[in-house]
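Below: structure.cif (mmCIF, C-alpha atoms)
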```cif
data_entry
#
loop_
_atom_site.label_atom_id
_atom_site.label_comp_id
_atom_site.auth_asym_id
_atom_site.auth_seq_id
_atom_site.Cartn_x
_atom_site.Cartn_y
_atom_site.Cartn_z
CA MET A 1 24.61 26.18 11.29
CA ASP A 2 27.57 25.28 9.15
CA ARG A 3 27.11 23.13 6.07
CA ARG A 4 30.14 20.90 5.70
CA ILE A 5 31.48 19.97 2.25
CA PHE A 6 34.33 17.54 2.77
CA MET A 7 37.13 16.05 0.71
CA HIS A 8 36.47 12.98 -1.43
CA ASN A 9 36.13 9.64 0.36
CA TYR A 10 34.88 10.85 3.71
CA PHE A 11 32.15 9.93 6.16
CA CYS A 12 31.05 11.01 9.61
CA GLY A 13 28.30 9.47 11.68
CA TRP A 14 26.93 9.29 15.22
CA TYR A 15 25.43 6.35 17.08
CA PHE A 16 22.66 7.28 19.53
CA LYS A 17 21.64 4.22 21.54
CA CYS A 18 18.54 4.33 23.76
CA GLN A 19 17.57 1.32 25.87
CA SER A 20 14.88 0.51 28.43
CA ASN A 21 14.25 -2.80 30.18
CA THR A 22 12.17 -3.97 27.21
CA GLN A 23 13.13 -1.93 24.14
CA THR A 24 16.26 -0.86 22.28
CA LEU A 25 16.48 1.86 19.64
CA ALA A 26 19.64 3.09 17.94
CA VAL A 27 19.58 6.08 15.58
CA ILE A 28 22.53 6.78 13.26
CA PRO A 29 22.62 10.09 11.35
CA ALA A 30 25.51 10.33 8.90
CA PHE A 31 27.10 12.29 6.06
CA HIS A 32 29.08 10.50 3.33
CA GLN A 33 31.06 11.65 0.32
CA SER A 34 32.86 9.63 -2.34
CA LYS A 35 33.81 9.93 -6.01
CA GLU A 36 30.21 8.92 -6.68
CA GLY A 37 28.91 12.07 -4.98
CA SER A 38 27.70 13.34 -1.62
CA SER A 39 24.72 12.16 0.40
CA ALA A 40 23.42 11.72 3.92
CA SER A 41 21.29 9.20 5.78
CA ILE A 42 19.60 8.19 8.99
CA GLN A 43 19.58 4.53 9.98
CA PHE A 44 17.38 3.02 12.66
CA ILE A 45 17.88 -0.32 14.34
CA THR A 46 15.66 -1.92 16.99
CA ASN A 47 15.25 -5.30 18.63
CA HIS A 48 13.27 -6.46 15.59
CA ASN A 49 14.17 -4.47 12.47
CA ALA A 50 16.40 -1.91 10.74
CA TRP A 51 15.79 0.89 8.22
CA ASN A 52 18.01 3.13 6.11
CA ILE A 53 16.59 6.51 5.04
CA PRO A 54 18.62 8.41 2.41
CA PHE A 55 18.83 12.22 2.33
CA SER A 56 20.36 14.79 0.01
CA TYR A 57 23.62 16.23 1.32
CA HIS A 58 21.95 19.66 1.04
CA GLN A 59 19.75 18.60 3.98
CA PHE A 60 22.74 17.93 6.25
CA PHE A 61 23.97 20.61 8.64
CA GLN A 62 26.42 20.34 11.51
CA ASP A 63 27.46 22.81 14.16
CA LYS A 64 30.49 21.28 15.84
CA ASN A 65 30.79 23.96 18.50
CA LYS A 66 27.34 23.18 19.90
CA PHE A 67 27.14 19.54 18.79
CA GLN A 68 24.05 20.06 16.71
CA ILE A 69 23.18 17.94 13.68
CA THR A 70 20.24 18.51 11.37
CA LEU A 71 18.98 16.24 8.60
CA GLY A 72 15.80 17.61 7.07
CA ASN A 73 13.27 17.89 9.88
CA ASN A 74 15.37 15.74 12.22
CA HIS A 75 17.49 17.36 14.91
CA PHE A 76 20.17 15.89 17.18
CA SER A 77 22.06 17.48 20.08
CA LYS A 78 23.37 16.79 23.58
CA ASP A 79 19.92 17.65 24.86
CA GLY A 80 18.15 14.99 22.80
CA MET A 81 16.64 14.34 19.38
CA LYS A 82 13.50 15.32 17.53
CA LEU A 83 12.51 13.12 14.59
CA SER A 84 10.00 13.62 11.80
CA LEU A 85 10.34 11.69 8.55
CA HIS A 86 7.93 9.83 6.33
CA THR A 87 8.83 7.61 3.37
CA LYS A 88 7.12 4.76 1.58
CA ASP A 89 8.69 2.16 3.88
CA CYS A 90 9.34 4.06 7.08
CA SER A 91 7.42 6.63 9.12
CA VAL A 92 9.10 8.10 12.22
CA GLU A 93 7.80 10.74 14.61
CA GLY A 94 8.69 11.75 18.16
CA SER A 95 11.28 13.23 20.47
CA LEU A 96 13.65 12.18 23.25
CA LEU A 97 15.31 14.19 26.01
CA PHE A 98 18.79 13.30 27.31
CA GLY A 99 20.15 13.80 30.80
CA ALA A 100 23.69 14.88 31.64
CA PHE A 101 26.36 13.03 29.66
CA SER A 102 28.99 10.79 31.25
CA PRO A 103 32.10 11.63 29.19
CA ILE A 104 35.40 9.78 29.25
CA ARG A 105 38.54 11.34 30.74
CA TYR A 106 40.33 12.01 27.43
CA ASP A 107 40.09 11.22 23.72
CA ILE A 108 39.58 7.48 23.17
CA MET A 109 42.11 7.59 20.31
CA GLY A 110 44.89 8.72 22.67
CA PRO A 111 48.08 9.60 20.74
CA PHE A 112 46.58 8.05 17.59
CA GLN A 113 44.38 11.16 17.28
CA PHE A 114 47.46 12.99 15.95
CA ILE A 115 48.22 10.46 13.18
CA PRO A 116 46.96 11.66 9.76
CA PHE A 117 45.15 9.54 7.18
CA LEU A 118 43.76 6.94 9.55
CA GLN A 119 41.02 4.84 7.98
CA CYS A 120 38.57 5.51 10.82
CA ARG A 121 38.60 7.68 13.96
CA HIS A 122 36.39 6.91 16.90
CA SER A 123 34.93 9.20 19.56
CA ILE A 124 32.87 8.56 22.69
CA LEU A 125 30.62 11.40 23.80
CA SER A 126 28.73 9.71 26.62
CA MET A 127 29.08 6.32 28.28
CA LYS A 128 25.71 6.63 29.98
CA HIS A 129 22.95 9.21 30.29
CA SER A 130 19.21 9.18 30.92
CA VAL A 131 16.69 9.05 28.05
CA THR A 132 13.05 10.11 28.34
CA GLY A 133 10.44 10.40 25.61
CA ASN A 134 8.70 8.53 22.81
CA ILE A 135 9.53 7.65 19.20
CA CYS A 136 6.93 6.00 16.95
CA ILE A 137 8.26 3.94 14.01
CA ASN A 138 5.70 2.49 11.61
CA GLY A 139 3.04 2.54 14.30
CA VAL A 140 5.21 0.95 17.02
CA ASP A 141 5.93 3.11 20.07
CA TYR A 142 9.40 3.11 21.59
CA SER A 143 8.83 4.66 24.99
CA PHE A 144 11.60 5.57 27.40
CA SER A 145 11.27 6.81 30.97
CA ASN A 146 14.60 7.50 32.64
CA ALA A 147 16.10 4.80 30.41
CA ASN A 148 19.78 4.48 29.45
CA GLY A 149 21.54 6.24 26.59
CA TYR A 150 24.97 5.95 24.96
CA LEU A 151 26.55 8.13 22.25
CA GLU A 152 29.62 7.62 20.06
CA GLY A 153 30.86 8.86 16.69
CA ASP A 154 33.04 7.78 13.78
CA ARG A 155 34.72 9.67 10.95
CA GLY A 156 37.20 8.79 8.23
CA TYR A 157 36.79 7.09 4.88
CA SER A 158 36.07 3.39 5.58
CA PHE A 159 35.11 1.01 8.36
CA PRO A 160 37.81 -1.57 9.16
CA LYS A 161 37.79 -4.70 7.02
CA GLU A 162 37.50 -6.88 10.13
CA TYR A 163 36.32 -5.69 13.52
CA ALA A 164 34.24 -6.45 16.58
CA TRP A 165 32.31 -3.89 18.62
CA THR A 166 30.16 -4.27 21.68
CA GLN A 167 28.40 -1.94 24.12
CA CYS A 168 26.47 -2.83 27.24
CA PHE A 169 24.81 -1.19 30.23
CA PHE A 170 24.93 -3.15 33.46
CA GLU A 171 24.40 -2.68 37.18
CA GLY A 172 26.90 -0.10 38.36
CA GLY A 173 28.22 0.85 34.98
CA SER A 174 28.59 0.82 31.21
CA LEU A 175 31.21 -0.56 28.85
CA VAL A 176 32.27 -0.39 25.23
CA LEU A 177 34.96 -2.37 23.40
CA CYS A 178 36.18 -2.20 19.81
CA VAL A 179 38.82 -4.45 18.28
CA ALA A 180 39.72 -3.89 14.64
CA ASP A 181 42.23 -4.58 11.88
CA ILE A 182 43.97 -1.22 11.33
CA PRO A 183 45.85 -0.60 8.05
CA PHE A 184 49.02 1.39 8.67
CA GLY A 185 51.12 2.06 5.58
CA LEU A 186 52.24 -1.25 4.07
CA PHE A 187 51.27 -3.14 7.22
CA SER A 188 48.33 -3.59 9.53
CA PHE A 189 47.84 -4.29 13.21
CA THR A 190 45.01 -5.20 15.57
CA GLY A 191 43.87 -2.07 17.36
CA ILE A 192 42.01 -2.05 20.66
CA ILE A 193 39.99 0.69 22.33
CA GLY A 194 37.73 0.07 25.28
CA ILE A 195 36.22 1.95 28.21
CA ILE A 196 34.60 0.56 31.34
CA HIS A 197 32.76 2.89 33.73
CA TYR A 198 32.15 0.95 36.92
CA HIS A 199 31.04 2.38 40.28
CA GLY A 200 32.45 5.81 39.50
CA ARG A 201 35.80 4.62 38.17
CA GLU A 202 37.03 4.58 34.59
CA TYR A 203 39.10 1.70 33.25
CA ARG A 204 40.66 2.06 29.79
CA LEU A 205 41.96 -0.71 27.54
CA ALA A 206 43.89 0.48 24.50
CA THR A 207 46.69 -0.50 22.17
CA TYR A 208 48.57 2.66 23.14
CA LEU A 209 48.41 1.53 26.79
CA GLY A 210 49.75 -1.95 26.02
CA ALA A 211 46.51 -3.87 25.55
CA LYS A 212 46.87 -7.16 23.66
CA VAL A 213 44.38 -9.52 22.06
CA ILE A 214 44.57 -12.95 23.62
CA LYS A 215 41.70 -14.41 21.62
CA ILE A 216 39.36 -13.51 18.77
CA LYS A 217 37.35 -16.52 17.68
CA ASN A 218 33.71 -17.56 17.28
CA GLY A 219 32.34 -14.36 18.76
CA GLU A 220 34.67 -14.42 21.76
CA LEU A 221 37.23 -11.73 22.60
CA ILE A 222 39.78 -11.76 25.41
CA ILE A 223 41.82 -8.60 25.99
CA ARG A 224 44.69 -8.28 28.47
CA GLN A 225 46.46 -5.14 29.61
CA GLY A 226 48.81 -5.49 32.54
CA SER A 227 46.73 -6.65 35.49
CA LEU A 228 43.42 -6.18 33.63
CA THR A 229 41.60 -8.86 31.63
CA LEU A 230 38.30 -8.33 29.81
CA SER A 231 36.48 -11.34 28.34
CA VAL A 232 33.49 -10.84 26.07
CA LYS A 233 31.40 -13.43 24.25
CA LEU A 234 28.51 -13.17 21.82
CA LEU A 235 26.19 -16.00 22.85
CA GLU A 236 23.16 -15.49 20.65
CA GLN A 237 22.83 -13.10 17.71
CA ASN A 238 19.79 -11.00 16.89
CA HIS A 239 21.30 -9.10 13.99
CA HIS A 240 19.88 -6.85 11.31
CA PRO A 241 21.61 -5.25 8.29
CA LEU A 242 23.12 -1.76 8.39
CA LEU A 243 25.10 0.12 5.76
CA ALA A 244 28.73 1.07 6.41
CA PRO A 245 31.23 3.20 4.43
CA VAL A 246 33.81 2.00 1.94
CA SER A 247 35.92 4.89 0.58
CA GLY A 248 33.17 7.24 1.70
CA ALA A 249 30.32 5.40 -0.06
CA MET A 250 27.71 3.55 1.99
CA LYS A 251 27.96 0.32 0.02
CA ARG A 252 29.00 -2.27 2.59
CA THR A 253 26.45 -4.28 4.53
CA ILE A 254 27.32 -5.10 8.12
CA HIS A 255 25.13 -6.77 10.72
CA GLU A 256 24.40 -5.48 14.19
CA SER A 257 22.55 -7.04 17.08
CA ALA A 258 21.17 -3.99 18.85
CA CYS A 259 19.92 -6.20 21.68
CA CYS A 260 21.25 -9.72 22.09
CA ARG A 261 22.60 -12.31 24.53
CA ALA A 262 26.24 -11.93 25.56
CA SER A 263 28.53 -12.42 28.54
CA TYR A 264 31.18 -10.16 30.08
CA CYS A 265 33.88 -10.79 32.67
CA PHE A 266 36.35 -8.19 33.96
CA LYS A 267 39.26 -9.09 36.22
CA GLN A 268 42.05 -7.18 37.91
CA ASN A 269 44.97 -9.12 39.37
CA HIS A 270 42.89 -12.30 38.95
CA HIS A 271 40.17 -10.76 41.15
CA THR A 272 36.78 -10.67 39.40
CA LEU A 273 35.34 -7.14 39.44
CA PHE A 274 32.21 -8.25 37.58
CA SER A 275 30.95 -11.23 35.61
CA PHE A 276 27.48 -11.45 34.10
CA GLU A 277 25.33 -12.63 31.22
CA THR A 278 22.78 -10.28 29.68
CA MET A 279 20.06 -10.29 27.05
CA SER A 280 20.56 -6.55 26.38
CA ALA A 281 24.01 -6.33 24.77
CA SER A 282 24.72 -4.57 21.50
CA PHE A 283 27.18 -6.40 19.25
CA GLU A 284 28.79 -6.29 15.83
CA TYR A 285 31.13 -9.14 14.93
CA GLU A 286 32.69 -8.72 11.51
CA TYR A 287 35.43 -11.34 11.82
CA PRO A 288 35.23 -14.72 10.04
CA GLN A 289 33.36 -17.25 12.17
#
```
Target encoding structure tokens, full file:
Amino acid sequence: MDRRIFMHNYFCGWYFKCQSNTQTLAVIPAFHQSKEGSSASIQFITNHNAWNIPFSYHQFFQDKNKFQITLGNNHFSKDGMKLSLHTKDCSVEGSLLFGAFSPIRYDIMGPFQFIPFLQCRHSILSMKHSVTGNICINGVDYSFSNANGYLEGDRGYSFPKEYAWTQCFFEGGSLVLCVADIPFGLFSFTGIIGIIHYHGREYRLATYLGAKVIKIKNGELIIRQGSLTLSVKLLEQNHHPLLAPVSGAMKRTIHESACCRASYCFKQNHHTLFSFETMSASFEYEYPQ
């Protein structure tokens, strides 16, 4: 395993989402480095609570070639995760196995992957895979039997000042959408990246493909790209606090609803491909209400 010591003001983290018909668990291992020093963490968020567990950076190892991440006695890979940690406020034990990943066709950043010094770079490792196993957190069992999993990653130095992110499994597919204020030199622009896997087909919405924001207001987002229109609305929050990076330091508090009520509508040439409301959406909305 390769221990990574990065430049100042850097973070990298991965978002493992696991969801059954009744339970949602997201696990976020991360490394962060700023002028204040280096550290690592694992954050957990469920339907009902969230926890942040700090680690020494000496306990963080990453093998990029095999996609293996280790934090203390906690191990993450494409095959699954094995967790064992015990603190005053949080006790976690268990393991999960993942099925075959559903990757996207090419890097979600598109040509932006070649631009240096971007504030944050996003990656999507799997839009949907099976999850089986059990994790116990503070005496509560999170049990998954052929449940759904999703995996993405972020790296850079800060989260966007304003952004919205949502991910949802639904009949026939899975989707993710991120809209964010992107600083670019002396200016900024609204960046869009989104993937919809639906009945074996991949649809991609992105700034570099001509996607435009039609609306961002009161938890509602409307994105249009040529003949495609995606409408998303946060209907009822169920959010809990998570920590996010600012210049590499985990000192910003954001709020995520790991499982909440939202609606989605996707149209092509004014023909509705799908339209539904769900109680199982994941949502972060960091724009002014």
**Report entry** Residue members of the PyMOL selection byres ((chain A and resi 255-268) around 7) in the file shown, as a PyMOL selection string
**Finding:** chain A and resi 24+45-47+227-242+253-254+269-284
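Here, the PyMOL selection byres ((chain A and resi 38) around 10) matches Ile5, Phe6, His8, Asn9, Tyr10, Phe11, Phe31, His32, Gln33, Ser34, Lys35, Glu36, Gly37, Ser39, Ala40, Phe55, Ser56, Tyr57, His58, Gly248 and Ala249 of chain A.
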Convert the current residue selection to file output with C-alpha atoms, as a CSV table (one decimal), in the coordinates of the input.
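The result, written out as out-v1.csv:
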```csv
chain,number,residue,atom,x,y,z
A,5,ILE,CA,31.5,20.0,2.2
A,6,PHE,CA,34.3,17.5,2.8
A,8,HIS,CA,36.5,13.0,-1.4
A,9,ASN,CA,36.1,9.6,0.4
A,10,TYR,CA,34.9,10.8,3.7
A,11,PHE,CA,32.2,9.9,6.2
A,31,PHE,CA,27.1,12.3,6.1
A,32,HIS,CA,29.1,10.5,3.3
A,33,GLN,CA,31.1,11.6,0.3
A,34,SER,CA,32.9,9.6,-2.3
A,35,LYS,CA,33.8,9.9,-6.0
A,36,GLU,CA,30.2,8.9,-6.7
A,37,GLY,CA,28.9,12.1,-5.0
A,39,SER,CA,24.7,12.2,0.4
A,40,ALA,CA,23.4,11.7,3.9
A,55,PHE,CA,18.8,12.2,2.3
A,56,SER,CA,20.4,14.8,0.0
A,57,TYR,CA,23.6,16.2,1.3
A,58,HIS,CA,22.0,19.7,1.0
A,248,GLY,CA,33.2,7.2,1.7
A,249,ALA,CA,30.3,5.4,-0.1
```
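Atom CA of Ser247 of chain A is found 23.4 Å from atom CA of Thr70 of chain A.
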Query - Selected residue of minimal separation from Phe112 of chain A among A:Val140, A:Cys168, A:Ile28, A:Ile192, counting all atoms listed in the file - result: A:Ile192
Query raised in the report: Mind listing as a ChimeraX atom specification all residues within 10 Å of (14.2, 4.1, 29.0), counting all atoms listed in the file?
Result: /A:18-25,96,130-134,142-149
Query raised in the report: If you count only C-alpha atoms, which residues fall within 12 Å of Gly72 of chain A, apart from same-chain ones fewer than 6 positions away, as a PyMOL selection string?
Result: chain A and resi 29+40-42+53-62+82-86
Query raised in the report: Neighbours of Tyr163 of chain A within 10 Å (all atoms listed in the file; same-chain residues fewer than 2 positions away dropped), as a ChimeraX atom specification?
Result: /A:159-161,165,178-182,190-192,216,284-288
Go ahead and write the residues just picked, C-alpha atoms, as a short mmCIF file (atom, residue, chain, number, x, y, z; two decimals), in the coordinates of the input.
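Output contents, as saved in selection18.cif:
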```cif
data_model
loop_
_atom_site.label_atom_id
_atom_site.label_comp_id
_atom_site.auth_asym_id
_atom_site.auth_seq_id
_atom_site.Cartn_x
_atom_site.Cartn_y
_atom_site.Cartn_z
CA PHE A 159 35.11 1.01 8.36
CA PRO A 160 37.81 -1.57 9.16
CA LYS A 161 37.79 -4.70 7.02
CA TRP A 165 32.31 -3.89 18.62
CA CYS A 178 36.18 -2.20 19.81
CA VAL A 179 38.82 -4.45 18.28
CA ALA A 180 39.72 -3.89 14.64
CA ASP A 181 42.23 -4.58 11.88
CA ILE A 182 43.97 -1.22 11.33
CA THR A 190 45.01 -5.20 15.57
CA GLY A 191 43.87 -2.07 17.36
CA ILE A 192 42.01 -2.05 20.66
CA ILE A 216 39.36 -13.51 18.77
CA GLU A 284 28.79 -6.29 15.83
CA TYR A 285 31.13 -9.14 14.93
CA GLU A 286 32.69 -8.72 11.51
CA TYR A 287 35.43 -11.34 11.82
CA PRO A 288 35.23 -14.72 10.04
#
```
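One distance worth recording is that between atom CA of Glu220 of chain A and atom CA of Trp14 of chain A, which is 25.8 Å.
Distances here use only C-alpha atoms; by that measure, the residue among A:Leu71, A:Ile193, A:Ile137, A:Ile214 closest to Phe44 of chain A is A:Ile137.
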Query - Counting all atoms listed in the file, the option among A:Gly194, A:Ser174, A:Val92, A:Asn49 closest to Gly139 of chain A - result: A:Val92
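Minimum distance to Gly110 of chain A across A:Ser123, A:Ser188, A:Gln167, A:Ser158 (counting all atoms listed in the file) occurs at A:Ser123.
Coordinates place atom CA of Lys212 of chain A at a distance of 6.3 Å from atom CA of Gln225 of chain A.
Considering all atoms listed in the file, the residue among A:Ala244, A:Leu186, A:Ala164, A:Leu97 positioned nearest to Val213 of chain A is A:Ala164.
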Query raised in the report: Taking all atoms listed in the file into account, which of A:Ala100, A:Cys90, A:Ile195, A:Met109 comes nearest His129 of chain A?
Result: A:Ala100
Protein/DNA/RNA residues near (30.1, 9.2, 31.7), cut 10 Å, all atoms listed in the file, as a PDB file with C-alpha atoms, in the coordinates of the input:
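Once everything was written out, this is result.pdb:
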```pdb
ATOM      1  CA  ALA A 100      23.690  14.880  31.640  1.00  0.00           C
ATOM      2  CA  PHE A 101      26.360  13.030  29.660  1.00  0.00           C
ATOM      3  CA  SER A 102      28.990  10.790  31.250  1.00  0.00           C
ATOM      4  CA  PRO A 103      32.100  11.630  29.190  1.00  0.00           C
ATOM      5  CA  ILE A 104      35.400   9.780  29.250  1.00  0.00           C
ATOM      6  CA  ARG A 105      38.540  11.340  30.740  1.00  0.00           C
ATOM      7  CA  ILE A 124      32.870   8.560  22.690  1.00  0.00           C
ATOM      8  CA  LEU A 125      30.620  11.400  23.800  1.00  0.00           C
ATOM      9  CA  SER A 126      28.730   9.710  26.620  1.00  0.00           C
ATOM     10  CA  MET A 127      29.080   6.320  28.280  1.00  0.00           C
ATOM     11  CA  LYS A 128      25.710   6.630  29.980  1.00  0.00           C
ATOM     12  CA  HIS A 129      22.950   9.210  30.290  1.00  0.00           C
ATOM     13  CA  TYR A 150      24.970   5.950  24.960  1.00  0.00           C
ATOM     14  CA  GLY A 173      28.220   0.850  34.980  1.00  0.00           C
ATOM     15  CA  SER A 174      28.590   0.820  31.210  1.00  0.00           C
ATOM     16  CA  ILE A 196      34.600   0.560  31.340  1.00  0.00           C
ATOM     17  CA  HIS A 197      32.760   2.890  33.730  1.00  0.00           C
ATOM     18  CA  TYR A 198      32.150   0.950  36.920  1.00  0.00           C
ATOM     19  CA  GLY A 200      32.450   5.810  39.500  1.00  0.00           C
ATOM     20  CA  ARG A 201      35.800   4.620  38.170  1.00  0.00           C
ATOM     21  CA  GLU A 202      37.030   4.580  34.590  1.00  0.00           C
TER      22      GLU A 202
END
```
